Every structure is written in C-alpha cells, then in structure tokens.
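One file, input.cif, carrying mmCIF, C-alpha atoms:
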data_start
#
loop_
_atom_site.label_atom_id
_atom_site.label_comp_id
_atom_site.auth_asym_id
_atom_site.auth_seq_id
_atom_site.Cartn_x
_atom_site.Cartn_y
_atom_site.Cartn_z
CA MET A 2 -42.22 56.60 22.70
CA GLY A 3 -38.51 56.79 22.93
CA SER A 4 -35.40 55.09 21.69
CA SER A 5 -32.06 54.54 23.38
CA LYS A 6 -28.85 52.71 22.64
CA PHE A 7 -27.58 50.06 25.01
CA ILE A 8 -24.51 47.89 25.42
CA LEU A 9 -25.25 44.38 26.66
CA GLU A 10 -22.56 42.11 28.05
CA PHE A 11 -23.24 38.38 27.92
CA THR A 12 -21.48 35.89 30.16
CA PRO A 13 -20.96 32.30 28.88
CA ASP A 14 -23.97 30.96 30.81
CA LEU A 15 -26.27 33.43 29.07
CA VAL A 16 -25.58 32.48 25.48
CA LYS A 17 -28.28 29.81 25.56
CA GLU A 18 -30.99 32.23 26.65
CA PRO A 19 -33.31 33.84 24.08
CA ILE A 20 -32.80 37.29 25.55
CA VAL A 21 -33.57 39.41 22.49
CA TYR A 22 -36.67 37.34 21.74
CA ARG A 23 -38.06 38.11 25.20
CA LEU A 24 -37.35 41.81 24.78
CA SER A 25 -39.28 42.05 21.58
CA LEU A 26 -42.05 39.50 22.05
CA ASP A 27 -42.78 39.64 25.77
CA LEU A 28 -42.26 43.38 26.16
CA GLY A 29 -43.19 44.54 22.67
CA LEU A 30 -40.03 46.56 22.22
CA LEU A 31 -38.62 47.32 18.80
CA VAL A 32 -35.12 45.89 18.87
CA ASN A 33 -32.49 46.94 16.38
CA ILE A 34 -29.21 45.08 16.80
CA LEU A 35 -26.35 47.29 15.69
CA ARG A 36 -23.56 44.97 16.65
CA ALA A 37 -23.34 41.51 18.10
CA GLU A 38 -20.17 39.64 18.90
CA ILE A 39 -21.26 36.65 20.89
CA ASP A 40 -19.92 33.11 20.96
CA GLU A 41 -19.67 30.31 23.51
CA ASN A 42 -17.53 32.57 25.68
CA GLY A 43 -20.20 35.23 25.88
CA GLY A 44 -19.79 38.58 24.24
CA ARG A 45 -21.25 41.96 23.60
CA MET A 46 -24.22 43.37 21.80
CA ILE A 47 -25.12 46.93 20.96
CA MET A 48 -28.78 47.57 20.31
CA VAL A 49 -31.33 50.29 19.98
CA LEU A 50 -34.48 49.77 22.00
CA GLU A 51 -37.50 51.63 20.75
CA GLY A 52 -40.84 51.83 22.44
CA ASP A 53 -42.74 53.26 25.37
CA THR A 54 -40.32 54.80 27.91
CA LYS A 55 -41.92 52.68 30.63
CA ARG A 56 -41.50 49.55 28.52
CA ILE A 57 -37.84 50.33 27.86
CA LYS A 58 -37.37 50.62 31.61
CA GLU A 59 -39.03 47.24 32.07
CA GLY A 60 -36.76 45.85 29.40
CA ILE A 61 -33.71 47.04 31.27
CA GLN A 62 -35.05 45.53 34.47
CA PHE A 63 -35.65 42.25 32.65
CA LEU A 64 -32.08 42.28 31.35
CA GLU A 65 -30.70 42.98 34.80
CA ARG A 66 -32.82 40.20 36.27
CA SER A 67 -31.41 37.87 33.62
CA ASN A 68 -27.88 38.84 34.71
CA VAL A 69 -27.08 40.62 31.46
CA GLN A 70 -24.85 43.54 32.20
CA VAL A 71 -26.53 46.47 30.55
CA ARG A 72 -25.76 50.14 30.32
CA GLU A 73 -26.94 52.93 28.17
CA MET A 74 -24.49 53.93 25.49
CA THR A 75 -24.18 57.67 25.45
CA GLU A 76 -20.74 57.94 23.97
CA TYR A 77 -18.90 55.37 21.91
CA VAL A 78 -16.36 57.47 20.08
CA ARG A 79 -14.96 60.66 21.47
CA ARG A 80 -13.61 63.42 19.30
CA ASP A 81 -10.70 65.49 20.57
CA GLN A 82 -11.59 68.97 19.34
CA ALA A 83 -8.04 70.20 19.93
CA ARG A 84 -6.66 67.62 17.52
CA CYS A 85 -9.42 67.69 14.91
CA THR A 86 -8.61 69.92 11.95
CA ASP A 87 -12.06 69.44 10.37
CA CYS A 88 -10.47 67.86 7.30
CA GLY A 89 -13.47 65.59 6.83
CA VAL A 90 -11.84 62.20 6.21
CA CYS A 91 -14.34 60.63 8.63
CA VAL A 92 -17.34 62.02 6.74
CA SER A 93 -17.40 59.50 3.89
CA ILE A 94 -16.21 56.58 6.04
CA CYS A 95 -19.15 56.60 8.45
CA PRO A 96 -21.89 54.24 7.21
CA VAL A 97 -24.65 56.07 9.10
CA HIS A 98 -23.69 59.68 8.31
CA ALA A 99 -22.84 60.50 11.92
CA TYR A 100 -20.17 62.92 10.73
CA GLU A 101 -21.44 65.81 8.71
CA LEU A 102 -19.52 68.60 7.04
CA ASP A 103 -21.27 71.86 7.86
CA ARG A 104 -20.79 73.89 4.71
CA SER A 105 -21.49 77.23 6.40
CA ASP A 106 -18.06 77.25 8.03
CA TYR A 107 -16.69 73.86 6.95
CA HIS A 108 -16.45 72.28 10.37
CA VAL A 109 -17.29 68.62 10.92
CA GLU A 110 -20.29 68.03 13.13
CA PHE A 111 -20.54 64.72 14.98
CA HIS A 112 -24.03 63.39 15.69
CA ALA A 113 -23.38 60.95 18.53
CA GLU A 114 -26.97 59.70 18.47
CA LYS A 115 -26.48 58.27 14.98
CA CYS A 116 -23.29 56.37 15.88
CA ILE A 117 -23.63 52.59 15.70
CA ALA A 118 -20.23 51.90 17.25
CA CYS A 119 -18.78 50.23 14.18
CA GLY A 120 -15.35 51.74 14.82
CA LEU A 121 -14.61 52.41 11.13
CA CYS A 122 -13.63 56.01 11.85
CA LEU A 123 -11.14 55.18 14.59
CA ASP A 124 -8.15 54.43 12.36
CA ALA A 125 -9.35 56.66 9.52
CA CYS A 126 -8.62 59.89 11.36
CA PRO A 127 -5.11 61.01 10.37
CA ALA A 128 -4.89 63.42 13.30
CA ALA A 129 -5.83 60.63 15.76
CA ALA A 130 -8.60 62.84 17.08
CA ILE A 131 -11.14 60.03 17.31
CA SER A 132 -10.89 57.55 20.15
CA ILE A 133 -13.11 55.22 22.13
CA GLY A 134 -15.13 57.22 24.64
CA ALA A 135 -13.33 57.46 27.97
CA LYS A 136 -16.41 56.33 29.85
CA GLU A 137 -16.34 52.91 28.24
CA ASP A 138 -12.57 52.78 28.30
CA ARG A 139 -12.34 52.89 32.10
CA THR A 140 -14.49 49.85 32.56
CA GLY A 141 -12.42 48.09 29.93
CA ASN A 142 -15.54 46.57 28.45
CA CYS A 143 -16.27 48.50 25.35
CA ILE A 144 -13.54 48.15 22.76
CA MET B 10 -5.30 58.93 0.01
CA GLY B 11 -6.84 58.18 3.37
CA LYS B 12 -9.03 55.24 4.22
CA LEU B 13 -10.80 53.83 1.18
CA LEU B 14 -13.74 51.48 1.37
CA PRO B 15 -14.07 48.61 -1.14
CA TRP B 16 -16.25 48.73 -4.27
CA ASN B 17 -16.12 52.50 -4.65
CA GLY B 18 -17.42 52.82 -1.10
CA ASN B 19 -16.05 56.33 -0.77
CA ALA B 20 -13.72 58.77 -2.48
CA THR B 21 -11.14 61.14 -1.09
CA TYR B 22 -9.64 64.26 -2.57
CA CYS B 23 -6.93 66.68 -1.62
CA SER B 24 -6.13 70.40 -1.99
CA ALA B 25 -8.11 73.46 -1.00
CA GLY B 26 -9.14 73.87 -4.66
CA GLN B 27 -10.10 77.49 -5.29
CA LEU B 28 -8.10 78.57 -2.23
CA SER B 29 -4.90 76.73 -3.17
CA PRO B 30 -2.08 79.17 -4.02
CA LEU B 31 -0.78 76.80 -6.70
CA LEU B 32 -4.14 76.91 -8.46
CA ASN B 33 -4.53 80.69 -8.10
CA ASP B 34 -1.18 81.34 -9.75
CA PRO B 35 -0.91 78.11 -11.78
CA ASN B 36 2.10 79.23 -13.82
CA LEU B 37 3.89 80.57 -10.74
CA ARG B 38 4.30 84.07 -12.14
CA THR B 39 4.53 85.63 -8.67
CA ILE B 40 5.67 82.70 -6.56
CA GLY B 41 9.29 81.62 -6.69
CA LEU B 42 12.53 81.33 -4.80
CA GLY B 43 12.49 83.74 -1.86
CA THR B 44 8.76 84.47 -1.79
CA ARG B 45 7.71 85.28 1.78
CA ILE B 46 4.82 83.05 2.89
CA PHE B 47 2.63 82.13 5.84
CA LEU B 48 4.08 78.86 7.07
CA GLY B 49 2.59 76.85 9.89
CA GLY B 50 1.53 79.95 11.79
CA GLY B 51 4.79 81.82 11.33
CA ILE B 52 6.63 83.45 8.44
CA GLY B 53 8.56 81.29 6.03
CA TYR B 54 9.99 81.36 2.54
CA VAL B 55 9.84 79.43 -0.69
CA ALA B 56 13.21 77.69 -0.89
CA TRP B 57 13.00 75.85 -4.19
CA GLU B 58 10.56 73.96 -6.35
CA GLY B 59 9.14 70.93 -4.59
CA THR B 60 9.70 67.29 -5.36
CA HIS B 61 7.70 66.06 -8.35
CA TYR B 62 7.59 69.62 -9.70
CA LYS B 63 6.47 69.25 -13.26
CA THR B 64 4.88 71.40 -15.91
CA ASN B 65 3.99 68.77 -18.52
CA VAL B 66 0.47 68.18 -17.24
CA PRO B 67 -2.89 68.67 -18.94
CA THR B 68 -4.74 71.86 -18.02
CA LYS B 69 -8.36 72.97 -18.03
CA ASN B 70 -9.42 76.59 -17.56
CA GLY B 71 -5.74 77.43 -17.13
CA VAL B 72 -5.19 75.16 -14.13
CA PRO B 73 -3.62 71.70 -14.11
CA THR B 74 -5.92 68.69 -13.84
CA ALA B 75 -3.25 66.50 -12.25
CA ALA B 76 -0.35 66.91 -9.85
CA ALA B 77 1.82 69.66 -11.32
CA ARG B 78 3.89 72.32 -9.60
CA ALA B 79 5.01 72.03 -6.00
CA LEU B 80 6.98 74.16 -3.58
CA ALA B 81 9.79 73.44 -1.16
CA VAL B 82 9.50 75.81 1.78
CA ILE B 83 11.57 76.72 4.80
CA GLY B 84 10.77 78.51 8.04
CA ASP B 85 11.48 78.92 11.72
CA LEU B 86 9.75 76.16 13.65
CA LYS B 87 9.67 78.31 16.80
CA GLN B 88 7.29 80.74 15.12
CA MET B 89 4.88 77.97 14.18
CA SER B 90 1.91 76.78 16.20
CA PRO B 91 0.00 73.48 16.56
CA GLY B 92 -2.98 75.21 15.00
CA TYR B 93 -1.21 75.14 11.64
CA LEU B 94 1.35 72.39 12.05
CA ARG B 95 0.15 68.94 12.96
CA ALA B 96 1.51 65.41 12.95
CA LEU B 97 -0.64 63.02 10.97
CA HIS B 98 -0.75 59.29 10.62
CA PHE B 99 -2.48 57.56 7.76
CA HIS B 100 -3.42 54.03 8.70
CA LYS B 101 -1.38 51.46 6.78
CA TYR B 102 0.43 54.23 4.93
CA GLY B 103 2.60 56.06 7.41
CA THR B 104 3.28 59.37 9.06
CA SER B 105 2.74 62.71 7.42
CA LEU B 106 2.71 66.36 8.34
CA CYS B 107 -0.16 68.79 8.07
CA VAL B 108 1.27 72.23 7.29
CA GLY B 109 -0.79 75.37 6.89
CA ILE B 110 0.66 77.41 4.03
CA GLY B 111 -0.59 80.74 2.75
CA VAL B 112 0.97 82.54 -0.19
CA PRO B 113 0.18 86.18 -1.01
CA ILE B 114 -0.47 86.70 -4.71
CA PRO B 115 -0.03 90.28 -5.93
CA ILE B 116 -2.41 91.33 -8.70
CA LEU B 117 0.01 92.53 -11.35
CA ASP B 118 -2.29 92.70 -14.35
CA GLU B 119 -5.54 91.48 -15.86
CA ASP B 120 -4.19 87.97 -16.39
CA MET B 121 -3.43 87.74 -12.71
CA ILE B 122 -6.93 88.79 -11.65
CA LYS B 123 -8.34 86.24 -14.08
CA ALA B 124 -6.12 83.56 -12.58
CA VAL B 125 -7.00 84.30 -8.94
CA SER B 126 -10.73 84.41 -9.68
CA ILE B 127 -10.67 80.67 -10.37
CA ARG B 128 -13.54 78.81 -8.74
CA ASP B 129 -14.07 75.20 -7.67
CA GLU B 130 -16.42 74.69 -10.65
CA GLN B 131 -13.48 75.33 -13.00
CA ILE B 132 -10.93 73.09 -11.29
CA PHE B 133 -10.95 69.43 -12.28
CA ALA B 134 -9.31 66.27 -10.99
CA PRO B 135 -9.22 62.75 -12.41
CA VAL B 136 -10.99 59.98 -10.49
CA LEU B 137 -8.67 57.04 -9.93
CA ASP B 138 -9.59 53.61 -8.67
CA TYR B 139 -6.82 52.53 -6.33
CA ALA B 140 -8.11 48.99 -6.40
CA VAL B 141 -6.42 48.80 -9.80
CA GLN B 142 -2.84 47.81 -9.05
CA SER B 143 -1.07 49.73 -11.76
CA ARG B 144 0.34 53.21 -11.97
CA SER B 145 -1.04 53.47 -15.46
CA ARG B 146 -4.59 52.99 -14.18
CA ARG B 147 -6.98 54.95 -16.31
CA PRO B 148 -9.07 57.70 -14.75
CA LEU B 149 -12.73 56.69 -14.43
CA LYS B 150 -13.85 60.23 -15.07
CA GLU B 151 -13.04 63.83 -14.28
CA LEU B 152 -14.78 65.74 -11.51
CA SER B 153 -14.75 69.38 -10.52
CA TYR B 154 -13.83 70.48 -7.03
CA ALA B 155 -17.33 71.87 -6.67
CA GLU B 156 -18.71 68.36 -7.22
CA LEU B 157 -16.12 66.82 -4.90
CA ARG B 158 -16.82 69.35 -2.16
CA SER B 159 -20.58 68.82 -2.46
CA GLY B 160 -20.11 65.59 -0.49
CA LYS B 161 -21.32 63.09 -3.05
CA VAL B 162 -20.40 62.29 -6.60
CA GLU B 163 -21.39 59.69 -9.14
CA ILE B 164 -18.85 57.03 -10.06
CA ASN B 165 -19.80 54.03 -12.20
CA ASP B 166 -23.52 54.87 -11.82
CA LYS B 167 -23.19 54.73 -8.06
CA GLU B 168 -23.54 57.58 -5.61
CA VAL B 169 -20.26 57.81 -3.77
CA ARG B 170 -19.62 60.00 -0.76
CA THR B 171 -16.49 62.13 -0.72
CA SER B 172 -14.05 63.19 1.95
CA SER B 173 -11.49 65.92 1.84
CA LEU B 174 -8.03 65.15 3.15
CA SER B 175 -7.17 68.79 3.71
CA SER B 176 -9.21 71.02 5.96
CA TYR B 177 -11.08 73.70 4.07
CA ARG B 178 -11.85 75.46 7.34
CA LYS B 179 -8.14 75.70 8.05
CA ALA B 180 -7.47 76.92 4.50
CA ARG B 181 -9.92 79.77 5.04
CA GLU B 182 -8.37 80.48 8.42
CA VAL B 183 -4.89 80.70 6.88
CA ALA B 184 -6.12 83.02 4.11
CA THR B 185 -7.91 85.27 6.60
CA LYS B 186 -4.92 85.41 8.91
CA LEU B 187 -2.48 86.22 6.11
CA LYS B 188 -4.79 88.95 4.84
CA GLN B 189 -4.95 90.39 8.35
CA TRP B 190 -1.15 90.30 8.71
CA ILE B 191 -0.70 92.12 5.42
CA SER B 192 -3.27 94.81 6.22
CA GLU B 193 -1.69 95.34 9.66
CA GLY B 194 1.73 95.74 8.07
CA ARG B 195 3.14 92.70 9.87
CA PHE B 196 3.77 90.86 6.64
CA GLN B 197 5.56 92.32 3.65
CA VAL B 198 4.71 90.89 0.27
CA SER B 199 7.98 90.08 -1.46
CA GLN B 200 9.09 89.63 -5.03
CA PRO B 201 10.68 86.27 -5.81
CA VAL B 202 14.44 86.32 -6.26
CA GLU B 203 14.20 83.70 -8.97
CA LEU B 204 11.25 82.04 -10.67
CA SER B 205 10.78 78.29 -10.83
CA PRO B 206 11.40 76.58 -14.17
CA ALA B 207 8.72 77.28 -16.75
CA GLU B 208 9.22 73.81 -18.13
CA GLN B 209 10.22 70.72 -16.27
CA VAL B 210 9.44 67.16 -17.19
CA GLN B 211 9.09 64.21 -14.83
CA LYS B 212 9.51 60.80 -16.30
CA PRO B 213 7.41 58.39 -14.28
CA PHE B 214 8.86 55.13 -13.13
CA GLU B 215 6.50 52.43 -14.33
CA ILE B 216 5.31 50.30 -11.47
CA ARG B 217 3.47 47.21 -12.60
CA ALA B 218 1.47 44.59 -10.81
CA GLN B 219 3.24 41.35 -10.03
CA GLY B 220 1.52 39.45 -12.83
CA GLU B 221 2.55 41.97 -15.45
CA VAL B 222 6.31 41.67 -14.86
#
Translate the structure of the given file into structure tokens.
Amino acid sequence: MGSSKFILEFTPDLVKEPIVYRLSLDLGLLVNILRAEIDENGGRMIMVLEGDTKRIKEGIQFLERSNVQVREMTEYVRRDQARCTDCGVCVSICPVHAYELDRSDYHVEFHAEKCIACGLCLDACPAAAISIGAKEDRTGNCI
Amino acid sequence: MGKLLPWNGNATYCSAGQLSPLLNDPNLRTIGLGTRIFLGGGIGYVAWEGTHYKTNVPTKNGVPTAAARALAVIGDLKQMSPGYLRALHFHKYGTSLCVGIGVPIPILDEDMIKAVSIRDEQIFAPVLDYAVQSRSRRPLKELSYAELRSGKVEINDKEVRTSSLSSYRKAREVATKLKQWISEGRFQVSQPVELSPAEQVQKPFEIRAQGEV
C-alpha cells in the first residue's frame, strides 16, 4: 500500500471521459481529489492515489494511455529558507497543518507531504519566502 | 494583522511577549532617549518615544494589555544585516519592515527584577474581530501570550489556530546575541540621557463604518 500525489492535466477532448471513475472502479484505487479546476477548455486536477503500489503504477499507465498528462507532485510550494524568519504567519493559514511551529527552537517546519496545493499561504507570507515550486514553474503548468 | 480567514478562521498576534523589552520594563525606567540598543544586527540608539506612545492604557500584572509605549530608534544601516532587517509585504495592506531590536535592561533594584521576570502567562492581549468595521469594536475576550503561543485558542466556542507575526526564534537570537556582545565587552550598557514621558495621552480619532456616519 502506498499513496502519492499527482497533477493531472486535461485537454478539452478529455472532459467528457469518466477518468476518475475508471481509476477508482476499474483499478480499485482510493482517489482523493484535492483540487479540480476543469471546464469545457480542459483543466487541472490534483489528487492523491492510494492503493497497492503496482495498482498505482497501472493507474498512471491508464492515465497516460487516455492522454491525460500526469506527473507526480513532489513539490508544490517552495520555501526560501534565506527569506523565512520563522514568524509563523503561515501556520494558522494552512488548512491541512502542513506548517508546524516546532516549539523546541521555534522554527517553522514544512511538511510537504501534507500540502494540498491550495495556495493560501502564497500571499500570506510577509517575507515572500513561499513561492510555487520551481519544478512546476518551468513547465508553466502548475500555477 | 496578517492574512485573516473568515468566520474566526484564524487569529494572529504580535510581539515577542515575555522577551519584548517594552514588556520587561513596562514603565521605561531604564529605557529612554540615548539608550544604546541592538538594532538590526548593529548598534543603535533610542532617539525618542515612538508614534502612538501612550501611557493611558489598562494594565495587568504590571504590563499593558493594549498598545502602549513605543520607541523611535536610530542607527547606522551599514552595520545592520539581512538577518535582522528584512523588507516585508502584507498582502492587501502594504509594505513594512522587520527590524530586530534588543534592549539591555539593567537590574537596578527588586522592582526591576520583578518586572523582567514577567512570563507569557502574565501578559494579556484583547481579542479583536476585524470583521467588525468599527474602531470601537469590543474585544471578544482577553488571552494570555502563553495561550496565544500554544497555537490554538478558543474564540466564540470555536477552536481557532493562532499565528505569530513576529518571529520568536529571531527574538531569542537577538537576546542571545546582545547578551554575548555585553559579556564580550563589545557593547556598553548606557544610561538614558532623558526618560520618556511618564504620562502621555492619545486621543483616538473615531473611525466609523459608512452606515454610522
């Protein structure tokens, strides 16, 4: 059993296809949609796939076969440690507790695996230390 | 006040609490015009009382429970470092400056030691709902800095997570550094040339919501 986060890009011709249905029913994967912005022009979905590692792999292959652009999301937001002052503004903003104030030395710990890419923290950081991960930025897809 | 989420979604607070110089010497007995201070990584001086300096505020355990005294400071920018001086931008509010300030407080007598031993549990702040568009908004309750720093508080029977706007890690760093400077003889503790006014009143300008005018 494993779980991973993925970003799916839908082109306009794909919006009619029951992609998520196939993932969960045909492959038995647990699908948790974190974000979905899809209309007649296509769009983007961020989801967590949970299940057997082999099954997840099959799921990815299925998505690729269906012409859904898919890539694993390892980093959505990036924190610039040189700019961060560990003030903690982001801590109470994050809906999934991805930022945590470590009270042993009062630094803010970021748990990337909890991040659901909501983007609430991006403009909350007064030091502008939080930005969209550079990996996604280069492709210009993940904003 | 940082980013606030609707319906008491979160709460923010400011000040280093038990490490704040203004709360360790709340009556400014040792801090005044000319006091040598740690300023943004270099050495600076207290130049005057700050804007909104006022003494007519309620106190609890000897420390104010609302904005009270403030300091105007001056220093040589070339001595300062980005570690303690940082440009900030608060979304939909504007630019600000993050300045690391450390003030040495000499222990003159028993009253002084009592004042500097203040703890977060003894320092209180009013909880204000900024959704209420009036400067005369009533505080929902009062919370101690210990509660605020714990990460979650209760407001209107709801658990609300808190965020600090000032870095407590940096506050500790400033205090440690200043202590080190003093013990190495690099920083001389100075006596203020003049003390700030013992009494000063600020008359607030009443800002009302559009409907109230």
Checklist entry - Pick the closest to Leu14 in chain B from A:Asp106, A:Pro96, A:Phe111, A:Ser132: which is it, counting only C-alpha atoms? => result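 Checking each candidate against Leu14 in chain B, we get A:Pro96 as the closest.
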Checklist entry - Quick one, how far is CA of Asn68 in chain A from CA of Glu10 in chain A? => result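 Interatomic distance here is 9.1 Å.
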List every residue of range 77-144 of chain B that has an atom at most 7 Å from any atom of range 21-32 of chain B, giving for each one its closest atom pair and the distance in Å to one decimal, counting only C-alpha atoms, sorted by chain and then by ascending residue number, as JSON lines.
{"residue": "B:Val112", "atom": "CA", "partner": "B:Pro30", "partner_atom": "CA", "distance": 5.9}
{"residue": "B:Ile127", "atom": "CA", "partner": "B:Gln27", "partner_atom": "CA", "distance": 6.0}
{"residue": "B:Arg128", "atom": "CA", "partner": "B:Gln27", "partner_atom": "CA", "distance": 5.0}
{"residue": "B:Asp129", "atom": "CA", "partner": "B:Gln27", "partner_atom": "CA", "distance": 5.2}
{"residue": "B:Ile132", "atom": "CA", "partner": "B:Gly26", "partner_atom": "CA", "distance": 6.9}
Serialized selection, C-alpha atoms, as an mmCIF file, in the coordinates of the input:
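Here's the written file selection_18.cif:
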data_model
loop_
_atom_site.group_PDB
_atom_site.id
_atom_site.type_symbol
_atom_site.label_atom_id
_atom_site.label_comp_id
_atom_site.auth_asym_id
_atom_site.auth_seq_id
_atom_site.Cartn_x
_atom_site.Cartn_y
_atom_site.Cartn_z
ATOM 1 C CA VAL B 112 0.970 82.540 -0.190
ATOM 2 C CA ILE B 127 -10.670 80.670 -10.370
ATOM 3 C CA ARG B 128 -13.540 78.810 -8.740
ATOM 4 C CA ASP B 129 -14.070 75.200 -7.670
ATOM 5 C CA ILE B 132 -10.930 73.090 -11.290
#
Checklist entry - When you draw a straight line from CA of Trp16 in chain B to CA of Ala128 in chain A, how long is it in Å? => result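 CA of Ala128 in chain A lies at a distance of 25.6 Å from CA of Trp16 in chain B.
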Checklist entry - Just how far from CA of Tyr62 in chain B is CA of Asp120 in chain B, in Å to one decimal? => result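 Straight-line distance from CA of Asp120 in chain B to CA of Tyr62 in chain B works out to 22.8 Å.
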